[in-house]
There are 4 protein chains.
Amino acid sequence: MNTSQQDRSYCLVTSCPDRVGIVAAVSQFVAERGGSLDESNHHSDHDGQRFFMRNVIDANSLSISVEAFREQFTPLAQKLDMKWHIRDSLKPQNVVIFASKASHCLSDLLYRWHSGELNCAIPCVISNHENLRSIVEWYGIPFHYVPVDKDSKAAAFARMSAIVAENNTDTIVLARYMQIIPAELCRDFSGRLINIHHSFLPSFIGANPYQKAFDRGVKLIGATSHYVTEELDEGPIIEQDVIRVSHSCNKDDLVRLGRDVERSVLSKALRYHLEDRVMIQGNKTIVF
Amino acid sequence: MNTSQQDRSYCLVTSCPDRVGIVAAVSQFVAERGGSLDESNHHSDHDGQRFFMRNVIDANSLSISVEAFREQFTPLAQKLDMKWHIRDSLKPQNVVIFASKASHCLSDLLYRWHSGELNCAIPCVISNHENLRSIVEWYGIPFHYVPVDKDSKAAAFARMSAIVAENNTDTIVLARYMQIIPAELCRDFSGRLINIHHSFLPSFIGANPYQKAFDRGVKLIGATSHYVTEELDEGPIIEQDVIRVSHSCNKDDLVRLGRDVERSVLSKALRYHLEDRVMIQGNKTIVF
Amino acid sequence: MNTSQQDRSYCLVTSCPDRVGIVAAVSQFVAERGGSLDESNHHSDHDGQRFFMRNVIDANSLSISVEAFREQFTPLAQKLDMKWHIRDSLKPQNVVIFASKASHCLSDLLYRWHSGELNCAIPCVISNHENLRSIVEWYGIPFHYVPVDKDSKAAAFARMSAIVAENNTDTIVLARYMQIIPAELCRDFSGRLINIHHSFLPSFIGANPYQKAFDRGVKLIGATSHYVTEELDEGPIIEQDVIRVSHSCNKDDLVRLGRDVERSVLSKALRYHLEDRVMIQGNKTIVF
Amino acid sequence: MNTSQQDRSYCLVTSCPDRVGIVAAVSQFVAERGGSLDESNHHSDHDGQRFFMRNVIDANSLSISVEAFREQFTPLAQKLDMKWHIRDSLKPQNVVIFASKASHCLSDLLYRWHSGELNCAIPCVISNHENLRSIVEWYGIPFHYVPVDKDSKAAAFARMSAIVAENNTDTIVLARYMQIIPAELCRDFSGRLINIHHSFLPSFIGANPYQKAFDRGVKLIGATSHYVTEELDEGPIIEQDVIRVSHSCNKDDLVRLGRDVERSVLSKALRYHLEDRVMIQGNKTIVF
């Protein structure tokens, strides 16, 4: 997905109060500038009376620059009371990953990024443990060790926020980062801070979900990727999946089997996010 | 899904050579007549350079009748070289089901129709066996027994075609009807004749797929619903699914487990078809 | 699965404190009487230090009657401190189904029973609504209408318990029966009273799980079949499954899609139960 | 799964002509030597009249050494005409991986091996391309570059066979190794040479399965891991899985989505193989 000039596209994402004629107005605007649509997704949220739209425009078909598009589109967006942005596939997001000791989610993200599945830059990885430095650096990515203990928590997060700021970070991914994120960082990165929780939420919120799943005797275990909000494990869900387990699985088996679901769910959620497929409405997501 | 006046909708389905401005032109047309879009799906087929679109319009929002829509839309459709139709949810299709001895697919379709999941009329069921008469008639649906044997095959199909014609049949469903359909009927009902094959096509084409699956030792068995063409089991695939099996399953277990997949896949395929979600391009389908 | 003399089998199910030599002792006992094992399943519960075993014995291979087996096996069972039973496939369980207005689970169970997938007798169906009488009676099964309202609840359940007793009921199935079962009935049918809950437990316990799932914005919905205990939706889980949903599903779509999972999960759970595959250990199940 | 002395187990795998008393005789033998069974699996193949059994014995419970077990068990095995072996979990298999350019399967296997999920040694990786050397060496595993071209094929495979022999190889894994394996190597490693084919076999045998799947318009794509025999893609299937695709996927999407299934299926198949869960009967497998 690391796009070339030839595949260059602009992704136009909009939401506005629902009314007749939105699609007509926007597609007219694009067509008048020669824009060819590679993909188009719509959703009317009936409860919220809001309309969501995502258009992928072939950049080479458009007669104007993306900057000119932004300028010319603004009056229409204002008229329709839109929230909107347009992203150039050649200017991918900067994604900073927070990791802890567990390697499975981080390794999977790095592997997929390296093989071109995730259209983003990864300016650095921050971890409160040293054990993953070697694999991160193998990928040529800077690794920052920021230990977090009870007394130094504020200082540690201040340092992490500084690193995040220095790297012009668009999105933060918590790849099994086991610390609770300060409320301020949650707010600053609202809709841009993605977590993987190792249960099928809303079951087994909080710590030790595999132990809880084992104790309850469930027949499927799951994982949930969601945007982080100030309320623990309560943010908008992006993606979930499950895997079958049986009475013959002990808790370690659940942990092992769960790793596969976690890494798959997190990488899908990040991919959807990077492709601007995810829109937030209240505490829910639309995933085009 | 048996829609009421309140939920009434028109489903506009179009395909045409791809070019800039199709969405703009069609959505403009709809918006100018007050039409509110409940759902909208697009697809560009890059190989065939063809554009496919499905719009569900809230009937109550539209300022004109569906007949007037048809008349007024025609010039635009001609200009864009479109194949198109618009369907009124209050005028559902007539679906005739062909069945044989096996009850699982037929029973499931009748149950779903009865509970309102399938927006269609079922004017009759035709079978070459008598054993399913009772359940069909319990649902208040006429049952026609048309036996088929080697010598009378042409006569039998002539009678079936007559029944099909008398009932203004829009779509025929083969609910595990085990006879090969005459080429003429395949042509007459091109894109409107749906079969369920009890394997994951293209594996195990033809007779006895469960025996073949058992003999090959596959770890998943499947079912495939497709439009019937003159070439056996080679028509455009609408839906497929699989279920896990193991070495402990004998052939009868495969048959039993497969029944659940067959009925689920067939009912989904029919539902998609009735909702005008399925469009045919070459020997493949687009399923919105 | 309605077995004939030819396929007749005895299912021997045992659990006892774990120790060396249990399999040897039991299989020796069976082999000495000519018994050929069609299937054999073992499980050691390490937490509970308990050993569970299920053996399916080809009845025609055994040199003694099932009554003689019971008598001769007793000393060994006592020595090993076993809980055990042996069931003759020609003497299937009596299963009474409690239903309410919703037809999908009941219809599916009746269909599967009729087609021979469930090896049991269904002496009657009890419902607090009249609407399902016709389909139940089509299957030739007596239908008892026992309305339940706030003031008559005790009397209604007394009448239901009487019907249950008259029919020598082995197992009760709640096929979306929406009333809370009295504690006494829960205790009397401990491990023999099966419910289907329309969520992926422990998520969304109690009423309106689909509304709760919709509000939380989950990406998969599920169903759970469990043995009923006095604590609502907290009993041992037999089977669970899920289905994918998206932002385009409204609550009615969840209800519709969920029906397919509910009926599939309930029929599997009942089948496992009827085949003596389910053993309870604490608040969990072993499902062989 | 890299087991320690504490978790040490012996896996006893047997198959023999079916008759009454096999389980009794074997479990008696184990129990008399104090052996505690951690897991036990049986299967009667009715077609072949053959009985398969796998017992995992807690090594610390056994009163004799594994060598003594082998010696003492031999007379019983001969009496029952058994094929059998017993494996010590502390003496894991040597697995040599053949890879080509594609990294996804190899990377996944190395990651799982490194994290302890696969109880084996990997003495080396052999590839006909250089591009994966760096990641292999990062894991501390020797990498052998053996180019294969039309004229040197025999010489190349002779060199590979030599490397295989030098490393006391128990099992060879083809991690998307795109060359046809010489018949002699297939025979030498019969039941020990594992391939991953990038389709749901028997669909799309041979080259370019994703292109074929795309052309046929299937709605699910799959992967199959099987033992290699001299007939291309026809060997006994160990594991298969599928993933859903749609009309909006182009061929590159199928390739990308398929990678996840391939690596998951191959790693499961290898894990089953290493745990001695897979037994071959004719051209099929029993997977306990």
# chains A, B, ... in the order shown; residues from 1 in each chain; ligands from 1
>>> residues_around(residues="region 164-175 of chain A", least_positions_apart="4", cutoff="9 Å", atoms="only C-alpha atoms", output="number ranges by chain")
A: 93-100, 102-106, 109, 123-124, 159-160, 189, 191-196, 263, 266, 270, 274
>>> residues_around(residues="Leu257 (chain C)", least_positions_apart="5", cutoff="12 Å", atoms="only C-alpha atoms", output="count of residues only")
24
>>> interface_residues(of="chain A", to="chain B", cutoff="10 Å", atoms="only C-alpha atoms", output="PyMOL selection string")
chain A and resi 18-46+61
>>> residues_around(residues="Pro182 (chain A)", least_positions_apart="4", cutoff="12 Å", atoms="only C-alpha atoms", output="mmCIF file with C-alpha atoms, in the first residue's frame")
data_model
loop_
_atom_site.group_PDB
_atom_site.id
_atom_site.type_symbol
_atom_site.label_atom_id
_atom_site.label_comp_id
_atom_site.auth_asym_id
_atom_site.auth_seq_id
_atom_site.Cartn_x
_atom_site.Cartn_y
_atom_site.Cartn_z
ATOM 1 C CA LYS A 153 4.573 7.994 35.891
ATOM 2 C CA ALA A 154 3.905 11.679 35.218
ATOM 3 C CA ALA A 155 7.500 12.284 34.186
ATOM 4 C CA ALA A 156 7.526 9.227 31.955
ATOM 5 C CA PHE A 157 4.379 10.282 30.122
ATOM 6 C CA ALA A 158 5.688 13.810 29.785
ATOM 7 C CA MET A 160 6.614 10.179 25.847
ATOM 8 C CA SER A 161 4.386 13.104 24.901
ATOM 9 C CA CYS A 186 -6.515 10.562 25.473
ATOM 10 C CA ARG A 187 -8.100 13.918 24.748
ATOM 11 C CA ASP A 188 -5.245 15.210 22.575
ATOM 12 C CA PHE A 189 -5.380 12.059 20.474
ATOM 13 C CA LEU A 193 -5.209 6.566 19.723
ATOM 14 C CA VAL A 228 -9.036 4.991 23.593
ATOM 15 C CA THR A 229 -11.141 7.341 25.668
ATOM 16 C CA GLU A 230 -10.775 8.339 29.273
ATOM 17 C CA GLU A 231 -13.034 5.472 30.334
ATOM 18 C CA LEU A 232 -11.100 2.204 30.403
#
>>> select_by_dssp(residues="region 26-176 of chain A", states="strand (DSSP E)", output="ChimeraX atom specification")
/A:37-45,50-58,83-88,93-99,120-121,125-127,143-145,171-175
>>> select_by_dssp(residues="region 12-260 of chain D", states="helix (DSSP H, G or I)", output="PyMOL selection string")
chain D and resi 22-32+59-61+66-79+104-114+133-138+150-166+183-188+209-216+251-260
>>> residues_around(residues="Lys219 (chain C)", least_positions_apart="5", cutoff="10 Å", atoms="only C-alpha atoms", output="PyMOL selection string")
(chain A and resi 200-201+224+237-241+284-285+287) or (chain C and resi 213-214+242-247)
>>> write_last_selection(atoms="C-alpha atoms", output="mmCIF file, in the first residue's frame")
data_model
loop_
_atom_site.group_PDB
_atom_site.id
_atom_site.type_symbol
_atom_site.label_atom_id
_atom_site.label_comp_id
_atom_site.auth_asym_id
_atom_site.auth_seq_id
_atom_site.Cartn_x
_atom_site.Cartn_y
_atom_site.Cartn_z
ATOM 1 C CA PHE A 200 -14.338 -9.655 23.224
ATOM 2 C CA LEU A 201 -15.547 -6.390 24.750
ATOM 3 C CA THR A 224 -11.173 -5.887 20.395
ATOM 4 C CA ILE A 237 -14.928 -0.286 18.779
ATOM 5 C CA ILE A 238 -13.172 -0.508 15.403
ATOM 6 C CA GLU A 239 -12.785 -4.252 14.956
ATOM 7 C CA GLN A 240 -13.340 -7.504 16.869
ATOM 8 C CA ASP A 241 -12.813 -11.158 16.238
ATOM 9 C CA LYS A 284 -19.639 3.888 17.817
ATOM 10 C CA THR A 285 -17.740 3.610 14.570
ATOM 11 C CA VAL A 287 -16.131 1.264 9.143
ATOM 12 C CA ALA C 213 -25.163 -4.739 21.536
ATOM 13 C CA PHE C 214 -26.413 -2.099 19.118
ATOM 14 C CA VAL C 242 -21.048 -15.267 16.748
ATOM 15 C CA ILE C 243 -21.878 -13.553 13.472
ATOM 16 C CA ARG C 244 -20.390 -10.410 11.965
ATOM 17 C CA VAL C 245 -22.444 -7.220 11.878
ATOM 18 C CA SER C 246 -21.600 -3.728 10.708
ATOM 19 C CA HIS C 247 -22.533 -0.085 11.143
#
>>> residues_around(residues="Lys91 (chain B)", least_positions_apart="2", cutoff="12 Å", atoms="only C-alpha atoms", output="ChimeraX atom specification")
/B:2-5,8-11,66,86-89,93-94,119-121,170,274-275
>>> write_last_selection(atoms="N, CA and C atoms", output="PDB file, in the first residue's frame")
ATOM      1  N   ASN B   2     -41.304  -7.977   4.391  1.00  0.00           N
ATOM      2  CA  ASN B   2     -42.493  -7.642   3.619  1.00  0.00           C
ATOM      3  C   ASN B   2     -42.809  -6.199   3.949  1.00  0.00           C
ATOM      4  N   THR B   3     -42.431  -5.325   3.052  1.00  0.00           N
ATOM      5  CA  THR B   3     -42.430  -3.913   3.392  1.00  0.00           C
ATOM      6  C   THR B   3     -43.837  -3.340   3.359  1.00  0.00           C
ATOM      7  N   SER B   4     -44.027  -2.337   4.184  1.00  0.00           N
ATOM      8  CA  SER B   4     -45.286  -1.619   4.245  1.00  0.00           C
ATOM      9  C   SER B   4     -45.123  -0.305   3.475  1.00  0.00           C
ATOM     10  N   GLN B   5     -46.235   0.420   3.339  1.00  0.00           N
ATOM     11  CA  GLN B   5     -46.192   1.714   2.662  1.00  0.00           C
ATOM     12  C   GLN B   5     -45.173   2.633   3.334  1.00  0.00           C
ATOM     13  N   ARG B   8     -41.760   1.788   2.266  1.00  0.00           N
ATOM     14  CA  ARG B   8     -41.657   1.584   0.826  1.00  0.00           C
ATOM     15  C   ARG B   8     -40.392   2.216   0.255  1.00  0.00           C
ATOM     16  N   SER B   9     -39.735   1.477  -0.583  1.00  0.00           N
ATOM     17  CA  SER B   9     -38.539   2.031  -1.222  1.00  0.00           C
ATOM     18  C   SER B   9     -38.504   1.611  -2.684  1.00  0.00           C
ATOM     19  N   TYR B  10     -37.745   2.365  -3.467  1.00  0.00           N
ATOM     20  CA  TYR B  10     -37.472   1.988  -4.856  1.00  0.00           C
ATOM     21  C   TYR B  10     -35.989   1.670  -4.950  1.00  0.00           C
ATOM     22  N   CYS B  11     -35.706   0.560  -5.556  1.00  0.00           N
ATOM     23  CA  CYS B  11     -34.308   0.192  -5.724  1.00  0.00           C
ATOM     24  C   CYS B  11     -33.908   0.389  -7.185  1.00  0.00           C
ATOM     25  N   VAL B  66     -43.222   6.055  -9.406  1.00  0.00           N
ATOM     26  CA  VAL B  66     -42.176   5.223  -9.979  1.00  0.00           C
ATOM     27  C   VAL B  66     -42.315   5.145 -11.503  1.00  0.00           C
ATOM     28  N   ILE B  86     -35.669  -0.259 -12.056  1.00  0.00           N
ATOM     29  CA  ILE B  86     -36.029   0.241 -10.732  1.00  0.00           C
ATOM     30  C   ILE B  86     -37.161  -0.643 -10.216  1.00  0.00           C
ATOM     31  N   ARG B  87     -37.029  -1.088  -8.971  1.00  0.00           N
ATOM     32  CA  ARG B  87     -38.035  -2.004  -8.416  1.00  0.00           C
ATOM     33  C   ARG B  87     -38.695  -1.378  -7.186  1.00  0.00           C
ATOM     34  N   ASP B  88     -39.998  -1.538  -7.137  1.00  0.00           N
ATOM     35  CA  ASP B  88     -40.823  -1.042  -6.040  1.00  0.00           C
ATOM     36  C   ASP B  88     -40.910  -2.130  -4.972  1.00  0.00           C
ATOM     37  N   SER B  89     -40.532  -1.809  -3.742  1.00  0.00           N
ATOM     38  CA  SER B  89     -40.541  -2.836  -2.682  1.00  0.00           C
ATOM     39  C   SER B  89     -41.944  -3.376  -2.408  1.00  0.00           C
ATOM     40  N   GLN B  93     -40.916  -9.787  -6.161  1.00  0.00           N
ATOM     41  CA  GLN B  93     -40.809 -10.795  -7.215  1.00  0.00           C
ATOM     42  C   GLN B  93     -41.627 -12.044  -6.901  1.00  0.00           C
ATOM     43  N   ASN B  94     -42.047 -12.723  -7.967  1.00  0.00           N
ATOM     44  CA  ASN B  94     -42.645 -14.053  -7.863  1.00  0.00           C
ATOM     45  C   ASN B  94     -41.537 -15.094  -7.978  1.00  0.00           C
ATOM     46  N   ASN B 119     -38.479 -10.876   0.958  1.00  0.00           N
ATOM     47  CA  ASN B 119     -39.526 -10.044   0.370  1.00  0.00           C
ATOM     48  C   ASN B 119     -39.881 -10.534  -1.030  1.00  0.00           C
ATOM     49  N   CYS B 120     -40.716 -11.570  -1.088  1.00  0.00           N
ATOM     50  CA  CYS B 120     -41.146 -12.118  -2.368  1.00  0.00           C
ATOM     51  C   CYS B 120     -42.490 -12.794  -2.189  1.00  0.00           C
ATOM     52  N   ALA B 121     -43.120 -13.120  -3.308  1.00  0.00           N
ATOM     53  CA  ALA B 121     -44.268 -14.026  -3.296  1.00  0.00           C
ATOM     54  C   ALA B 121     -43.766 -15.393  -3.749  1.00  0.00           C
ATOM     55  N   ASP B 170     -40.704 -14.495 -11.752  1.00  0.00           N
ATOM     56  CA  ASP B 170     -39.528 -13.656 -11.951  1.00  0.00           C
ATOM     57  C   ASP B 170     -38.245 -14.446 -11.758  1.00  0.00           C
ATOM     58  N   LEU B 274     -33.143 -10.919  -4.186  1.00  0.00           N
ATOM     59  CA  LEU B 274     -34.436 -10.228  -4.064  1.00  0.00           C
ATOM     60  C   LEU B 274     -34.258  -8.752  -3.726  1.00  0.00           C
ATOM     61  N   GLU B 275     -33.171  -8.441  -3.031  1.00  0.00           N
ATOM     62  CA  GLU B 275     -32.893  -7.042  -2.697  1.00  0.00           C
ATOM     63  C   GLU B 275     -32.107  -6.349  -3.817  1.00  0.00           C
TER      64      GLU B 275
END
>>> decode(residues="region 210-250 of chain D", atoms="C-alpha atoms", output="PDB file, in the first residue's frame")
ATOM      1  CA  TYR D 210      -5.094 -16.580  -6.750  1.00  0.00           C
ATOM      2  CA  GLN D 211      -5.444 -15.625 -10.394  1.00  0.00           C
ATOM      3  CA  LYS D 212      -7.657 -18.659 -10.943  1.00  0.00           C
ATOM      4  CA  ALA D 213      -9.728 -17.829  -7.860  1.00  0.00           C
ATOM      5  CA  PHE D 214     -10.118 -14.263  -9.076  1.00  0.00           C
ATOM      6  CA  ASP D 215     -11.162 -15.414 -12.538  1.00  0.00           C
ATOM      7  CA  ARG D 216     -13.730 -17.862 -11.140  1.00  0.00           C
ATOM      8  CA  GLY D 217     -15.216 -15.225  -8.846  1.00  0.00           C
ATOM      9  CA  VAL D 218     -15.171 -17.292  -5.651  1.00  0.00           C
ATOM     10  CA  LYS D 219     -16.403 -15.613  -2.475  1.00  0.00           C
ATOM     11  CA  LEU D 220     -13.883 -17.291  -0.166  1.00  0.00           C
ATOM     12  CA  ILE D 221     -10.207 -17.982  -0.765  1.00  0.00           C
ATOM     13  CA  GLY D 222      -8.212 -20.550   1.160  1.00  0.00           C
ATOM     14  CA  ALA D 223      -4.971 -22.277   1.904  1.00  0.00           C
ATOM     15  CA  THR D 224      -4.108 -25.916   2.402  1.00  0.00           C
ATOM     16  CA  SER D 225      -1.215 -27.534   4.205  1.00  0.00           C
ATOM     17  CA  HIS D 226      -0.494 -31.090   3.156  1.00  0.00           C
ATOM     18  CA  TYR D 227       2.163 -33.747   3.109  1.00  0.00           C
ATOM     19  CA  VAL D 228       3.983 -33.718  -0.188  1.00  0.00           C
ATOM     20  CA  THR D 229       3.773 -36.769  -2.406  1.00  0.00           C
ATOM     21  CA  GLU D 230       4.997 -37.288  -5.901  1.00  0.00           C
ATOM     22  CA  GLU D 231       1.681 -36.113  -7.303  1.00  0.00           C
ATOM     23  CA  LEU D 232       1.503 -32.318  -7.271  1.00  0.00           C
ATOM     24  CA  ASP D 233      -0.886 -30.921  -4.620  1.00  0.00           C
ATOM     25  CA  GLU D 234      -2.488 -34.329  -4.121  1.00  0.00           C
ATOM     26  CA  GLY D 235      -0.951 -35.417  -0.818  1.00  0.00           C
ATOM     27  CA  PRO D 236      -2.791 -35.963   2.504  1.00  0.00           C
ATOM     28  CA  ILE D 237      -4.311 -32.710   3.774  1.00  0.00           C
ATOM     29  CA  ILE D 238      -3.351 -31.666   7.313  1.00  0.00           C
ATOM     30  CA  GLU D 239      -5.142 -28.345   7.685  1.00  0.00           C
ATOM     31  CA  GLN D 240      -7.157 -25.872   5.619  1.00  0.00           C
ATOM     32  CA  ASP D 241      -8.802 -22.547   6.199  1.00  0.00           C
ATOM     33  CA  VAL D 242     -10.514 -19.797   4.229  1.00  0.00           C
ATOM     34  CA  ILE D 243     -11.127 -16.062   4.318  1.00  0.00           C
ATOM     35  CA  ARG D 244     -13.975 -14.070   2.817  1.00  0.00           C
ATOM     36  CA  VAL D 245     -13.355 -11.889  -0.223  1.00  0.00           C
ATOM     37  CA  SER D 246     -15.676  -9.780  -2.334  1.00  0.00           C
ATOM     38  CA  HIS D 247     -16.110  -8.285  -5.766  1.00  0.00           C
ATOM     39  CA  SER D 248     -14.203  -5.227  -4.568  1.00  0.00           C
ATOM     40  CA  CYS D 249     -11.010  -7.276  -4.150  1.00  0.00           C
ATOM     41  CA  ASN D 250      -8.630  -7.279  -7.053  1.00  0.00           C
TER      42      ASN D 250
END
